[in-house]
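The next block is structure_1.cif, given as mmCIF, C-alpha atoms.
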```cif
data_data
#
loop_
_atom_site.label_atom_id
_atom_site.label_comp_id
_atom_site.auth_asym_id
_atom_site.auth_seq_id
_atom_site.Cartn_x
_atom_site.Cartn_y
_atom_site.Cartn_z
CA MET E 990 -0.65 -62.47 -42.78
CA SER E 991 -3.74 -62.19 -40.63
CA ASN E 992 -4.74 -59.20 -38.52
CA ILE E 993 -4.07 -61.26 -35.40
CA ASP E 994 -0.47 -61.89 -36.51
CA LEU E 995 0.02 -58.20 -37.25
CA LEU E 996 -1.35 -57.33 -33.82
CA LYS E 997 1.04 -59.77 -32.14
CA ILE E 998 4.02 -58.33 -34.07
CA THR E 999 3.00 -54.78 -33.13
CA GLN E 1000 2.67 -55.71 -29.46
CA THR E 1001 6.07 -57.40 -29.54
CA MET E 1002 7.66 -54.30 -31.09
CA TRP E 1003 6.09 -52.02 -28.48
CA LEU E 1004 7.27 -54.31 -25.68
CA ALA E 1005 10.83 -54.32 -27.07
CA ALA E 1006 10.84 -50.54 -27.40
CA ALA E 1007 9.56 -50.13 -23.86
CA THR E 1008 12.20 -52.53 -22.54
CA ILE E 1009 15.00 -50.63 -24.31
CA ALA E 1010 13.67 -47.35 -22.97
CA MET E 1011 13.60 -48.68 -19.40
CA ILE E 1012 17.15 -50.01 -19.72
CA THR E 1013 18.30 -46.64 -21.03
CA ILE E 1014 16.61 -44.74 -18.21
CA THR E 1015 17.77 -46.99 -15.40
CA GLY E 1016 21.21 -47.59 -16.84
CA CYS E 1017 22.23 -43.93 -17.12
CA ALA E 1018 22.99 -41.76 -14.13
CA THR E 1019 23.54 -38.03 -14.49
CA GLU E 1020 24.97 -35.58 -12.02
CA ALA E 1021 24.87 -31.81 -12.24
CA HIS E 1022 25.88 -28.96 -9.99
CA ARG E 1023 26.19 -25.20 -10.14
CA THR E 1024 26.95 -22.30 -7.89
CA LEU E 1025 24.40 -19.56 -7.28
CA GLU E 1026 25.14 -15.89 -6.75
CA PRO E 1027 23.46 -14.90 -3.48
CA GLN E 1028 21.49 -11.69 -3.31
CA VAL E 1029 23.41 -9.03 -1.37
CA VAL E 1030 22.86 -5.43 -0.32
CA GLU E 1031 23.47 -2.68 -2.85
CA SER E 1032 26.38 -1.18 -0.88
CA HIS E 1033 28.36 -4.42 -0.76
CA GLY E 1034 31.80 -3.93 -2.26
CA THR E 1035 31.42 -0.15 -2.67
CA THR E 1036 33.81 2.47 -1.34
CA TYR E 1037 32.78 4.31 1.82
CA ASN E 1038 34.64 7.07 3.67
CA GLY E 1039 32.00 8.06 6.22
CA PRO E 1040 31.75 7.10 9.90
CA LYS E 1041 31.44 3.39 10.74
CA TYR E 1042 29.36 3.14 13.90
CA ALA E 1043 29.75 0.18 16.25
CA LEU E 1044 26.48 -1.71 15.95
CA MET E 1045 24.85 -4.62 17.75
CA VAL E 1046 21.76 -6.55 16.70
CA GLY E 1047 19.42 -6.93 19.66
CA LYS E 1048 16.08 -8.68 19.85
CA PHE E 1049 14.64 -9.66 16.50
CA GLN E 1050 11.46 -11.70 16.54
CA ASN E 1051 8.68 -13.03 14.38
CA ARG E 1052 5.61 -10.93 15.19
CA SER E 1053 3.56 -12.21 12.28
CA SER E 1054 0.87 -14.86 12.61
CA TYR E 1055 3.00 -17.41 10.73
CA MET E 1056 3.92 -20.46 12.87
CA GLN E 1057 2.30 -18.89 15.92
CA GLY E 1058 -0.35 -20.14 18.32
CA ILE E 1059 -1.26 -23.81 17.96
CA PHE E 1060 1.16 -24.10 15.01
CA SER E 1061 4.16 -23.04 17.07
CA ASN E 1062 6.70 -25.46 18.55
CA GLY E 1063 7.99 -22.83 20.97
CA LEU E 1064 11.01 -21.93 18.84
CA ASP E 1065 11.10 -18.68 16.89
CA GLN E 1066 12.57 -20.21 13.76
CA VAL E 1067 11.58 -17.32 11.49
CA GLY E 1068 12.95 -14.71 13.91
CA ASN E 1069 16.23 -16.55 14.42
CA GLN E 1070 16.70 -17.07 10.70
CA ALA E 1071 15.92 -13.40 10.02
CA LYS E 1072 18.40 -12.25 12.69
CA THR E 1073 21.21 -14.28 11.14
CA ILE E 1074 20.47 -12.88 7.68
CA LEU E 1075 20.29 -9.34 9.10
CA LYS E 1076 23.70 -9.50 10.79
CA THR E 1077 25.28 -10.85 7.62
CA HIS E 1078 23.87 -8.09 5.44
CA LEU E 1079 24.76 -5.35 7.94
CA GLN E 1080 28.37 -6.51 7.95
CA MET E 1081 28.46 -6.72 4.15
CA THR E 1082 27.44 -3.06 3.80
CA ASN E 1083 30.92 -1.96 5.01
CA ARG E 1084 29.12 0.90 6.81
CA PHE E 1085 29.16 -0.54 10.32
CA THR E 1086 31.38 -2.32 12.80
CA VAL E 1087 29.11 -5.19 13.82
CA VAL E 1088 29.84 -6.65 17.25
CA ASP E 1089 28.76 -10.18 18.22
CA ARG E 1090 26.89 -10.64 21.49
CA GLN E 1091 25.36 -14.07 20.84
CA ASN E 1092 28.62 -16.04 21.07
CA MET E 1093 30.37 -14.20 23.88
CA ASP E 1094 31.05 -17.33 25.98
CA GLU E 1095 32.66 -19.15 23.07
CA ILE E 1096 34.69 -16.11 22.05
CA ALA E 1097 35.87 -15.51 25.64
CA ARG E 1098 36.95 -19.15 25.92
CA GLU E 1099 39.04 -18.86 22.76
CA ALA E 1100 40.69 -15.67 24.05
CA ASP E 1101 41.48 -17.45 27.31
CA LEU E 1102 43.03 -20.36 25.41
CA ARG E 1103 45.30 -17.87 23.64
CA GLY E 1104 46.25 -16.35 26.98
CA GLU E 1105 44.80 -12.98 25.99
CA THR E 1106 42.58 -10.52 27.82
CA GLN E 1107 39.57 -9.41 25.84
CA THR E 1108 39.06 -5.76 25.03
CA LEU E 1109 35.42 -5.59 24.00
CA MET E 1110 34.03 -2.73 21.94
CA GLY E 1111 30.79 -1.20 23.11
CA ALA E 1112 28.11 -0.59 20.50
CA GLN E 1113 27.00 2.95 19.74
CA VAL E 1114 23.70 1.78 18.29
CA THR E 1115 21.55 -1.30 18.67
CA ILE E 1116 19.30 -2.62 15.94
CA THR E 1117 16.03 -4.09 17.15
CA GLY E 1118 13.17 -5.21 14.99
CA ASP E 1119 10.58 -7.72 13.97
CA VAL E 1120 9.24 -9.72 11.09
CA THR E 1121 5.88 -7.93 11.09
CA GLU E 1122 4.27 -9.80 8.20
CA PHE E 1123 5.04 -13.25 6.85
CA GLY E 1124 2.93 -15.71 4.97
CA ARG E 1125 2.35 -17.95 1.99
CA ARG E 1126 -0.48 -18.70 -0.33
CA THR E 1127 -1.02 -21.16 -3.16
CA THR E 1128 -3.38 -20.48 -6.04
CA GLY E 1129 -4.15 -22.28 -9.28
CA ASP E 1130 -6.55 -22.76 -12.14
CA HIS E 1131 -7.86 -25.60 -14.32
CA GLN E 1132 -8.71 -25.28 -18.00
CA LEU E 1133 -11.76 -27.30 -19.01
CA PHE E 1134 -11.83 -29.07 -15.63
CA GLY E 1135 -8.14 -29.83 -15.89
CA ILE E 1136 -8.40 -31.69 -19.20
CA LEU E 1137 -6.54 -28.96 -21.10
CA GLY E 1138 -4.11 -28.20 -18.33
CA SER E 1139 -3.69 -26.63 -14.92
CA SER E 1140 -1.41 -24.22 -13.11
CA LYS E 1141 -0.10 -23.74 -9.59
CA LYS E 1142 1.38 -20.57 -8.14
CA GLN E 1143 3.14 -20.36 -4.77
CA VAL E 1144 3.65 -16.90 -3.29
CA ALA E 1145 5.63 -16.01 -0.16
CA TYR E 1146 5.56 -12.51 1.37
CA ALA E 1147 7.58 -10.92 4.16
CA LYS E 1148 7.78 -7.48 5.76
CA VAL E 1149 10.48 -6.40 8.22
CA ALA E 1150 10.70 -3.38 10.53
CA LEU E 1151 13.92 -2.09 12.13
CA ASN E 1152 14.55 0.46 14.87
CA VAL E 1153 17.93 2.08 15.46
CA VAL E 1154 18.39 2.67 19.19
CA ASP E 1155 21.04 5.01 20.61
CA THR E 1156 22.71 2.98 23.38
CA LYS E 1157 23.64 6.11 25.34
CA THR E 1158 20.16 7.60 25.53
CA SER E 1159 18.00 4.52 24.73
CA ILE E 1160 16.16 6.70 22.20
CA ILE E 1161 14.96 5.30 18.88
CA ILE E 1162 16.72 7.61 16.45
CA TYR E 1163 15.64 6.02 13.18
CA SER E 1164 13.07 3.51 11.91
CA VAL E 1165 12.84 1.79 8.57
CA GLN E 1166 10.86 -0.97 6.85
CA GLY E 1167 11.41 -3.35 3.96
CA ALA E 1168 9.22 -5.91 2.21
CA GLY E 1169 9.57 -8.56 -0.46
CA GLU E 1170 7.58 -11.16 -2.35
CA TYR E 1171 8.70 -14.37 -4.05
CA GLU E 1172 6.60 -16.23 -6.60
CA LEU E 1173 6.93 -19.71 -8.13
CA ASN E 1174 4.77 -20.65 -11.14
CA ASN E 1175 4.24 -24.01 -12.78
CA ARG E 1176 1.84 -24.83 -15.62
CA GLU E 1177 0.96 -28.22 -17.04
CA VAL E 1178 -0.70 -28.30 -20.48
CA VAL E 1179 -2.38 -31.51 -21.65
CA GLY E 1180 -0.04 -33.66 -19.58
CA PHE E 1181 3.11 -31.73 -20.42
CA GLY E 1182 5.00 -29.42 -18.08
CA GLY E 1183 6.05 -29.41 -14.46
CA THR E 1184 3.99 -29.71 -11.33
CA ALA E 1185 5.16 -27.82 -8.24
CA SER E 1186 5.16 -29.34 -4.80
CA TYR E 1187 5.53 -27.25 -1.64
CA ASP E 1188 8.81 -25.34 -1.89
CA ALA E 1189 10.09 -24.63 1.61
CA THR E 1190 13.04 -22.62 0.28
CA LEU E 1191 10.70 -19.76 -0.60
CA ASN E 1192 10.57 -18.86 3.10
CA GLY E 1193 14.29 -18.20 3.29
CA LYS E 1194 14.34 -16.47 -0.10
CA VAL E 1195 11.62 -13.99 0.76
CA LEU E 1196 13.14 -13.27 4.18
CA ASN E 1197 16.47 -12.55 2.54
CA LEU E 1198 14.76 -10.30 -0.01
CA ALA E 1199 12.86 -8.27 2.62
CA ILE E 1200 15.93 -7.90 4.86
CA THR E 1201 18.10 -6.90 1.91
CA GLU E 1202 15.59 -4.15 1.15
CA VAL E 1203 15.39 -2.92 4.75
CA VAL E 1204 19.19 -2.78 5.09
CA ASN E 1205 19.41 -0.88 1.80
CA ASN E 1206 16.94 1.65 3.23
CA LEU E 1207 18.90 1.85 6.49
CA VAL E 1208 22.17 2.56 4.66
CA ASP E 1209 20.45 5.10 2.42
CA GLY E 1210 19.26 6.99 5.50
CA LEU E 1211 22.75 6.92 6.99
CA GLN E 1212 24.39 8.24 3.83
CA HIS E 1213 21.85 11.06 3.57
CA GLY E 1214 22.52 12.14 7.14
CA GLU E 1215 19.08 11.18 8.41
CA TRP E 1216 20.42 9.51 11.56
CA SER E 1217 23.52 9.30 13.75
CA PRO E 1218 24.09 8.30 17.40
CA SER E 1219 24.77 10.80 20.18
CA GLY E 1220 28.36 11.28 21.32
CA LYS E 1221 29.66 10.18 17.91
#
```

Translate the structure of the given file into structure tokens.
Amino acid sequence: MSNIDLLKITQTMWLAAATIAMITITGCATEAHRTLEPQVVESHGTTYNGPKYALMVGKFQNRSSYMQGIFSNGLDQVGNQAKTILKTHLQMTNRFTVVDRQNMDEIAREADLRGETQTLMGAQVTITGDVTEFGRRTTGDHQLFGILGSSKKQVAYAKVALNVVDTKTSIIIYSVQGAGEYELNNREVVGFGGTASYDATLNGKVLNLAITEVVNNLVDGLQHGEWSPSGK
């Protein structure tokens, strides 16, 4: 058998193997799902016998340079997202009675449909605050000009500041900060490994992390008697 015949047989075998592989890949569909345990404040689910102050979340805005200026669409997406996360974590501490002031029209309409007169609770303290720092950066390296591999690291950082305001006196009675950083690493070595595209979920993850930390610090101050509203 000549070398040409051997080459033809080899090519035919490779073509058949490739065809089978393509049929296997395209012919099989897989589906997977899983639940994730969300990150919550440390005091969630713990027993508490101290005072539960009525609390309202006031203005909470993005004061960082992220999505500001020419990059802004006029909507404070970071601030709104952070405010929603903050209210959720405050309620989950079981240390406060959180009152809702953002959906008052809808709530009043439902009470009216039930034929009931609302009896609204006034807040003893108001939480105001800002996302003071927020940003992302992407770094990477190449080994031997990328021939031996490369890496990509995405880092998101957030810092949040809260002020506790006594509604009776309008005095800031306590201030606290929290910060967090999320990192995603991918390395590809000689063609093997994953490559990371822009992961937008890091924004929400790092906001949740920073707000979890700031609420933990707020609760810690409460439990150590560092703050309380007037006329309690």

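Minimum atom-to-atom distance to E:Leu1075, evaluated using all atoms listed in the file, belongs to E:Lys1048 out of E:His1213, E:Lys1048, E:Arg1098, E:Lys1141.
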
Which residue of E:Thr1024, E:Gln1050, E:Val1208, E:Val1153 approaches E:Leu1079 most closely, using all atoms listed in the file: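 The shortest atom-to-atom distance to E:Leu1079 comes from E:Val1208.
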
With all atoms listed in the file as the basis for distance, which of E:Asp1155, E:Glu1105, E:Glu1170, E:Glu1122 is at the shortest distance from E:Ser1054? E:Glu1122

What gap, in Å, lies between atom CA of E:Gly1193 and atom CA of E:Ser1053?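 Interatomic distance, atom CA of E:Gly1193 to atom CA of E:Ser1053: 15.2 Å.
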
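Interatomic distance, atom CA of E:Gly1111 to atom CA of E:Ser1219: 13.7 Å.
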
Within 7 Å of E:Leu1044, counting all atoms listed in the file, which residues qualify if same-chain residues fewer than 4 places away don't, as an MDAnalysis selection string? chainID E and resid 1085:1088 1112:1115

Just how far from atom CA of E:Glu1031 is atom CA of E:Met1081, in Å to one decimal? 9.5 Å

Identify all residues satisfying the PyMOL selection byres ((chain E and resi 1068) around 9) in the given file; provide them as a PDB file with C-alpha atoms, in the frame of the given file.
```
ATOM      1  CA  PHE E1049      14.640  -9.660  16.500  1.00  0.00           C
ATOM      2  CA  GLN E1050      11.460 -11.700  16.540  1.00  0.00           C
ATOM      3  CA  ASN E1051       8.680 -13.030  14.380  1.00  0.00           C
ATOM      4  CA  ARG E1052       5.610 -10.930  15.190  1.00  0.00           C
ATOM      5  CA  LEU E1064      11.010 -21.930  18.840  1.00  0.00           C
ATOM      6  CA  ASP E1065      11.100 -18.680  16.890  1.00  0.00           C
ATOM      7  CA  GLN E1066      12.570 -20.210  13.760  1.00  0.00           C
ATOM      8  CA  VAL E1067      11.580 -17.320  11.490  1.00  0.00           C
ATOM      9  CA  ASN E1069      16.230 -16.550  14.420  1.00  0.00           C
ATOM     10  CA  GLN E1070      16.700 -17.070  10.700  1.00  0.00           C
ATOM     11  CA  ALA E1071      15.920 -13.400  10.020  1.00  0.00           C
ATOM     12  CA  LYS E1072      18.400 -12.250  12.690  1.00  0.00           C
ATOM     13  CA  THR E1073      21.210 -14.280  11.140  1.00  0.00           C
ATOM     14  CA  ASP E1119      10.580  -7.720  13.970  1.00  0.00           C
ATOM     15  CA  VAL E1120       9.240  -9.720  11.090  1.00  0.00           C
TER      16      VAL E1120
END
```

Residue nearest E:Val1165 among E:Phe1123, E:Trp1216, E:Tyr1037, E:Tyr1146 (counting all atoms listed in the file):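 That would be E:Trp1216, the residue with the smallest distance to E:Val1165.
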
So which one's closest to E:Ala1168, E:Ala1100, E:Leu1151, E:Ala1199, E:Val1144? Using only C-alpha atoms, please. E:Ala1199

Between E:Ile1074, E:Leu1207, E:Val1046, E:Ile1096, which residue has the minimum interatomic distance to E:Gln1028, considering all atoms listed in the file?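 Closest candidate: E:Ile1074.
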
So which residues get picked by the PyMOL selection byres ((chain E and resi 1161) around 10) here, written as a ChimeraX atom specification? /E:1114-1117,1152-1156,1158-1160,1162-1164,1218

Just want the 7 Å neighbourhood of E:Thr1201, counted on only C-alpha atoms, with same-chain residues fewer than 4 positions away dropped. Output as a PyMOL selection string. chain E and resi 1029-1030+1078+1197+1205

Go ahead and fit an axis-aligned box to every listed atom of stretch 1095-1108 of chain E plus 6 Å each side, and pass me the centre and edge lengths in Å, one decimal, as AutoDock Vina command-line options.
```
--center_x 39.5 --center_y -13.1 --center_z 24.9 --size_x 25.6 --size_y 26.6 --size_z 17.8
```

For E:Gly1169, find every residue with an atom within 8 Å (counting only C-alpha atoms), except residues of its own chain fewer than 3 positions away, and show them as a list in words.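 Using only C-alpha atoms, the neighbours found are Tyr1146, Ala1147, Lys1148, Val1195, Leu1196, Leu1198, Ala1199 and Glu1202 of chain E.
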